[in-house]
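Reading through the structure tokens given below for one structure.
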Amino acid sequence: MFLYACSNRSVEQSRHSEPREKTAVLITDSVSTLISDSGITRYRIEAPQWLVYDKTDPPYQEFPKGIYLEQFDEDLTVKAQLKANYAYYDEKAQQWTLRGDVHALNRKGETFDTPEMKWNQESHRVYSDTSIHIVREKSIIEGIGFDSNEEMTKYTILNPTGVFPINEE
């Protein structure tokens, strides 16, 4: 009798569940992971929730409650940081979309704040069409849109404005 009841319940649940193409294959809560390359720890990722969809077209990963990333140098010193309230990774296009209070710190100590940022791993490009606020050692740059290398050390600000020190000599 017990097996029969479980069997009916499973059939009933399967009738009302989402198709496999719309279901996350992996749901992980409270993620904290290290990523290494050639035996050297390179990154640390933390996220409240990580969802992996492998049967969608395209397959993707989603961090609906935000993501935090640190990049390390060979001495495990934090070289760069990135955080966002939401992240989406398109596996086919190899592109990240970060949204909501995106904050990045590059290895020069410059900070970048924007509502949305995209990172294409194939072209090694970081860009946005939204507002950008960059704090540098001696200046603040703002604009609408930017384009950068993936280290965010060489960038172009589209429609820039800013506060720059002027040497009176």
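Scheme for the structure tokens: letters A, B, ... for chains in order shown; per-chain residue numbers from 1; ligand numbers from 1 in order shown.
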- Query: Which of range 40-113 of chain A counts as strand (DSSP E) under DSSP, as a VMD selection string please?
  - Reply: chain A and resid 40 to 53 60 to 63 67 to 72 78 to 84 86 to 90 95 to 105 111 to 113
- Task: Do a neighbour search on range 151-163 of chain A at 8 Å with only C-alpha atoms, toss out local chain neighbours closer than 4 positions, and write the hits as a VMD selection string.
- Result: chain A and resid 106 to 108 126 139 to 147
- Query: What separation in Å, quoted to one decimal, exists between CA of Ser131 in chain A and CA of Tyr88 in chain A?
  - Reply: 19.6 Å
- Close residues, Ile67 in chain A itself excluded, 8 Å, only C-alpha atoms, min 3 positions apart in chain, as a PyMOL selection string: chain A and resi 45-48+63+83-87
The selected residues should be written to file as a tab-separated table (two decimals), in the first residue's frame (atoms: N, CA and C atoms).
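Saved the output as selection-v4.tsv:
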```
chain	number	residue	atom	x	y	z
A	45	ILE	N	34.77	32.38	-6.22
A	45	ILE	CA	33.41	32.80	-6.54
A	45	ILE	C	32.52	32.50	-5.34
A	46	GLU	N	31.69	33.48	-4.99
A	46	GLU	CA	30.68	33.29	-3.96
A	46	GLU	C	29.35	33.72	-4.53
A	47	ALA	N	28.31	32.95	-4.22
A	47	ALA	CA	26.96	33.29	-4.68
A	47	ALA	C	25.94	32.65	-3.76
A	48	PRO	N	24.86	33.37	-3.46
A	48	PRO	CA	23.79	32.77	-2.65
A	48	PRO	C	23.09	31.62	-3.37
A	63	PHE	N	22.81	33.28	-11.80
A	63	PHE	CA	23.06	33.61	-10.40
A	63	PHE	C	22.01	34.66	-10.02
A	83	LYS	N	31.42	42.37	-8.35
A	83	LYS	CA	30.18	41.94	-7.70
A	83	LYS	C	29.00	42.50	-8.47
A	84	ALA	N	27.90	41.76	-8.43
A	84	ALA	CA	26.67	42.19	-9.09
A	84	ALA	C	25.49	41.54	-8.38
A	85	ASN	N	24.33	42.17	-8.47
A	85	ASN	CA	23.12	41.63	-7.85
A	85	ASN	C	22.52	40.47	-8.65
A	86	TYR	N	22.93	40.33	-9.92
A	86	TYR	CA	22.42	39.27	-10.79
A	86	TYR	C	23.48	38.97	-11.84
A	87	ALA	N	23.62	37.70	-12.20
A	87	ALA	CA	24.55	37.32	-13.27
A	87	ALA	C	23.95	36.20	-14.10
```
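Between Gln49 in chain A and the candidates A:Ile27, A:Ala104, A:Leu69, A:Ile35, the tightest atom-to-atom separation, counting only C-alpha atoms, involves A:Ile27.
The list of residues with at least one atom within 10 Å of Asp75 in chain A, based on only C-alpha atoms and without residues fewer than 6 positions apart in the same chain, reads Ile40, Thr41 and Arg42 of chain A.
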Emit the selected residues as a tab-separated table (two decimals), in the first residue's frame, including N, CA, C and O atoms.
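Contents of again01.tsv, as written:
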```tsv
chain	number	residue	atom	x	y	z
A	40	ILE	N	47.47	26.50	-9.69
A	40	ILE	CA	47.52	27.79	-8.99
A	40	ILE	C	46.10	28.33	-8.86
A	40	ILE	O	45.38	28.43	-9.85
A	41	THR	N	45.71	28.68	-7.63
A	41	THR	CA	44.38	29.23	-7.40
A	41	THR	C	44.30	30.60	-8.06
A	41	THR	O	45.13	31.48	-7.79
A	42	ARG	N	43.31	30.77	-8.95
A	42	ARG	CA	43.17	32.02	-9.70
A	42	ARG	C	41.95	32.84	-9.30
A	42	ARG	O	41.98	34.06	-9.35
```
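CA of Gly39 in chain A lies 26.1 Å from CA of Leu26 in chain A.
Shortest separation to Gln81 in chain A among A:Tyr68, A:Tyr53, A:Tyr60, A:Trp119 occurs at residue A:Tyr68, atoms counted being only C-alpha atoms.
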- Message: Which residues are close to Thr56 in chain A, i.e. within 12 Å by only C-alpha atoms, leaving aside same-chain residues fewer than 5 positions away? Reply as a VMD selection string.
- Response: chain A and resid 19 to 25 61 90 to 92
Please produce a file of the residues just selected, as a PDB file, in the first residue's frame, where the atoms kept are N, CA, C and O atoms.
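Writing done, so here's selection16.pdb:
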```
ATOM      1  N   PRO A  19       8.885  20.985 -18.219  1.00  0.00           N
ATOM      2  CA  PRO A  19       9.647  20.140 -19.145  1.00  0.00           C
ATOM      3  C   PRO A  19      11.133  20.221 -18.824  1.00  0.00           C
ATOM      4  O   PRO A  19      11.619  21.235 -18.311  1.00  0.00           O
ATOM      5  N   ARG A  20      11.866  19.180 -19.128  1.00  0.00           N
ATOM      6  CA  ARG A  20      13.294  19.099 -18.833  1.00  0.00           C
ATOM      7  C   ARG A  20      14.062  20.279 -19.430  1.00  0.00           C
ATOM      8  O   ARG A  20      15.014  20.762 -18.848  1.00  0.00           O
ATOM      9  N   GLU A  21      13.637  20.786 -20.585  1.00  0.00           N
ATOM     10  CA  GLU A  21      14.317  21.901 -21.242  1.00  0.00           C
ATOM     11  C   GLU A  21      14.213  23.197 -20.450  1.00  0.00           C
ATOM     12  O   GLU A  21      14.962  24.137 -20.684  1.00  0.00           O
ATOM     13  N   LYS A  22      13.265  23.283 -19.511  1.00  0.00           N
ATOM     14  CA  LYS A  22      13.084  24.505 -18.725  1.00  0.00           C
ATOM     15  C   LYS A  22      13.473  24.324 -17.264  1.00  0.00           C
ATOM     16  O   LYS A  22      13.267  25.215 -16.456  1.00  0.00           O
ATOM     17  N   THR A  23      14.038  23.176 -16.940  1.00  0.00           N
ATOM     18  CA  THR A  23      14.360  22.854 -15.561  1.00  0.00           C
ATOM     19  C   THR A  23      15.866  22.912 -15.332  1.00  0.00           C
ATOM     20  O   THR A  23      16.648  22.408 -16.130  1.00  0.00           O
ATOM     21  N   ALA A  24      16.245  23.515 -14.220  1.00  0.00           N
ATOM     22  CA  ALA A  24      17.671  23.572 -13.870  1.00  0.00           C
ATOM     23  C   ALA A  24      18.153  22.169 -13.525  1.00  0.00           C
ATOM     24  O   ALA A  24      17.508  21.450 -12.772  1.00  0.00           O
ATOM     25  N   VAL A  25      19.277  21.766 -14.095  1.00  0.00           N
ATOM     26  CA  VAL A  25      19.867  20.462 -13.793  1.00  0.00           C
ATOM     27  C   VAL A  25      20.604  20.516 -12.458  1.00  0.00           C
ATOM     28  O   VAL A  25      20.786  19.515 -11.797  1.00  0.00           O
ATOM     29  N   GLN A  61      23.943  29.486 -17.338  1.00  0.00           N
ATOM     30  CA  GLN A  61      24.039  29.451 -15.886  1.00  0.00           C
ATOM     31  C   GLN A  61      23.514  30.784 -15.377  1.00  0.00           C
ATOM     32  O   GLN A  61      23.731  31.824 -16.007  1.00  0.00           O
ATOM     33  N   ASP A  90      25.868  32.858 -20.722  1.00  0.00           N
ATOM     34  CA  ASP A  90      25.454  32.151 -21.932  1.00  0.00           C
ATOM     35  C   ASP A  90      26.637  31.282 -22.354  1.00  0.00           C
ATOM     36  O   ASP A  90      27.672  31.798 -22.802  1.00  0.00           O
ATOM     37  N   GLU A  91      26.514  29.955 -22.173  1.00  0.00           N
ATOM     38  CA  GLU A  91      27.628  29.046 -22.450  1.00  0.00           C
ATOM     39  C   GLU A  91      28.006  29.009 -23.920  1.00  0.00           C
ATOM     40  O   GLU A  91      29.183  28.897 -24.253  1.00  0.00           O
ATOM     41  N   LYS A  92      27.030  29.100 -24.806  1.00  0.00           N
ATOM     42  CA  LYS A  92      27.307  29.035 -26.243  1.00  0.00           C
ATOM     43  C   LYS A  92      28.066  30.278 -26.723  1.00  0.00           C
ATOM     44  O   LYS A  92      29.065  30.174 -27.428  1.00  0.00           O
TER      45      LYS A  92
END
```
- Message: My list of candidates is A:Tyr89, A:Trp96, A:Phe112, A:Tyr127. Which is closest to Pro58 in chain A when distances are computed with only C-alpha atoms?
- Response: A:Tyr89
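Near Glu116 in chain A, within 6 Å and counting only C-alpha atoms, sit Leu98, Arg99 and Thr114 of chain A, not including residues fewer than 2 positions from it in the same chain.
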Same residues, all heavy atoms, output as a PDB file, in the first residue's frame:
```
ATOM      1  N   LEU A  98      26.023  40.967 -16.360  1.00  0.00           N
ATOM      2  CA  LEU A  98      25.947  41.304 -14.942  1.00  0.00           C
ATOM      3  C   LEU A  98      25.021  42.503 -14.795  1.00  0.00           C
ATOM      4  O   LEU A  98      25.153  43.472 -15.547  1.00  0.00           O
ATOM      5  CB  LEU A  98      27.335  41.646 -14.397  1.00  0.00           C
ATOM      6  CG  LEU A  98      28.392  40.577 -14.661  1.00  0.00           C
ATOM      7  CD1 LEU A  98      29.781  41.149 -14.502  1.00  0.00           C
ATOM      8  CD2 LEU A  98      28.184  39.409 -13.739  1.00  0.00           C
ATOM      9  N   ARG A  99      24.099  42.423 -13.826  1.00  0.00           N
ATOM     10  CA  ARG A  99      23.123  43.504 -13.644  1.00  0.00           C
ATOM     11  C   ARG A  99      22.951  43.845 -12.174  1.00  0.00           C
ATOM     12  O   ARG A  99      23.086  42.994 -11.311  1.00  0.00           O
ATOM     13  CB  ARG A  99      21.759  43.087 -14.193  1.00  0.00           C
ATOM     14  CG  ARG A  99      21.696  43.001 -15.676  1.00  0.00           C
ATOM     15  CD  ARG A  99      20.264  42.854 -16.171  1.00  0.00           C
ATOM     16  NE  ARG A  99      20.274  42.584 -17.583  1.00  0.00           N
ATOM     17  CZ  ARG A  99      19.944  41.431 -18.134  1.00  0.00           C
ATOM     18  NH1 ARG A  99      19.544  40.433 -17.386  1.00  0.00           N
ATOM     19  NH2 ARG A  99      20.001  41.269 -19.433  1.00  0.00           N
ATOM     20  N   THR A 114      28.334  50.521 -12.446  1.00  0.00           N
ATOM     21  CA  THR A 114      27.412  50.609 -13.555  1.00  0.00           C
ATOM     22  C   THR A 114      26.191  49.724 -13.268  1.00  0.00           C
ATOM     23  O   THR A 114      26.308  48.753 -12.521  1.00  0.00           O
ATOM     24  CB  THR A 114      28.103  50.180 -14.888  1.00  0.00           C
ATOM     25  OG1 THR A 114      27.188  50.307 -15.968  1.00  0.00           O
ATOM     26  CG2 THR A 114      28.611  48.754 -14.824  1.00  0.00           C
TER      27      THR A 114
END
```
- Query: Of the residues A:Phe72, A:Thr77, A:Glu150, A:Arg44, which is the one nearest to Gln121 in chain A, using only C-alpha atoms?
  - Reply: A:Glu150
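Rounded to one decimal, CA of His124 in chain A and CA of Asn149 in chain A lie 6.1 Å from each other.
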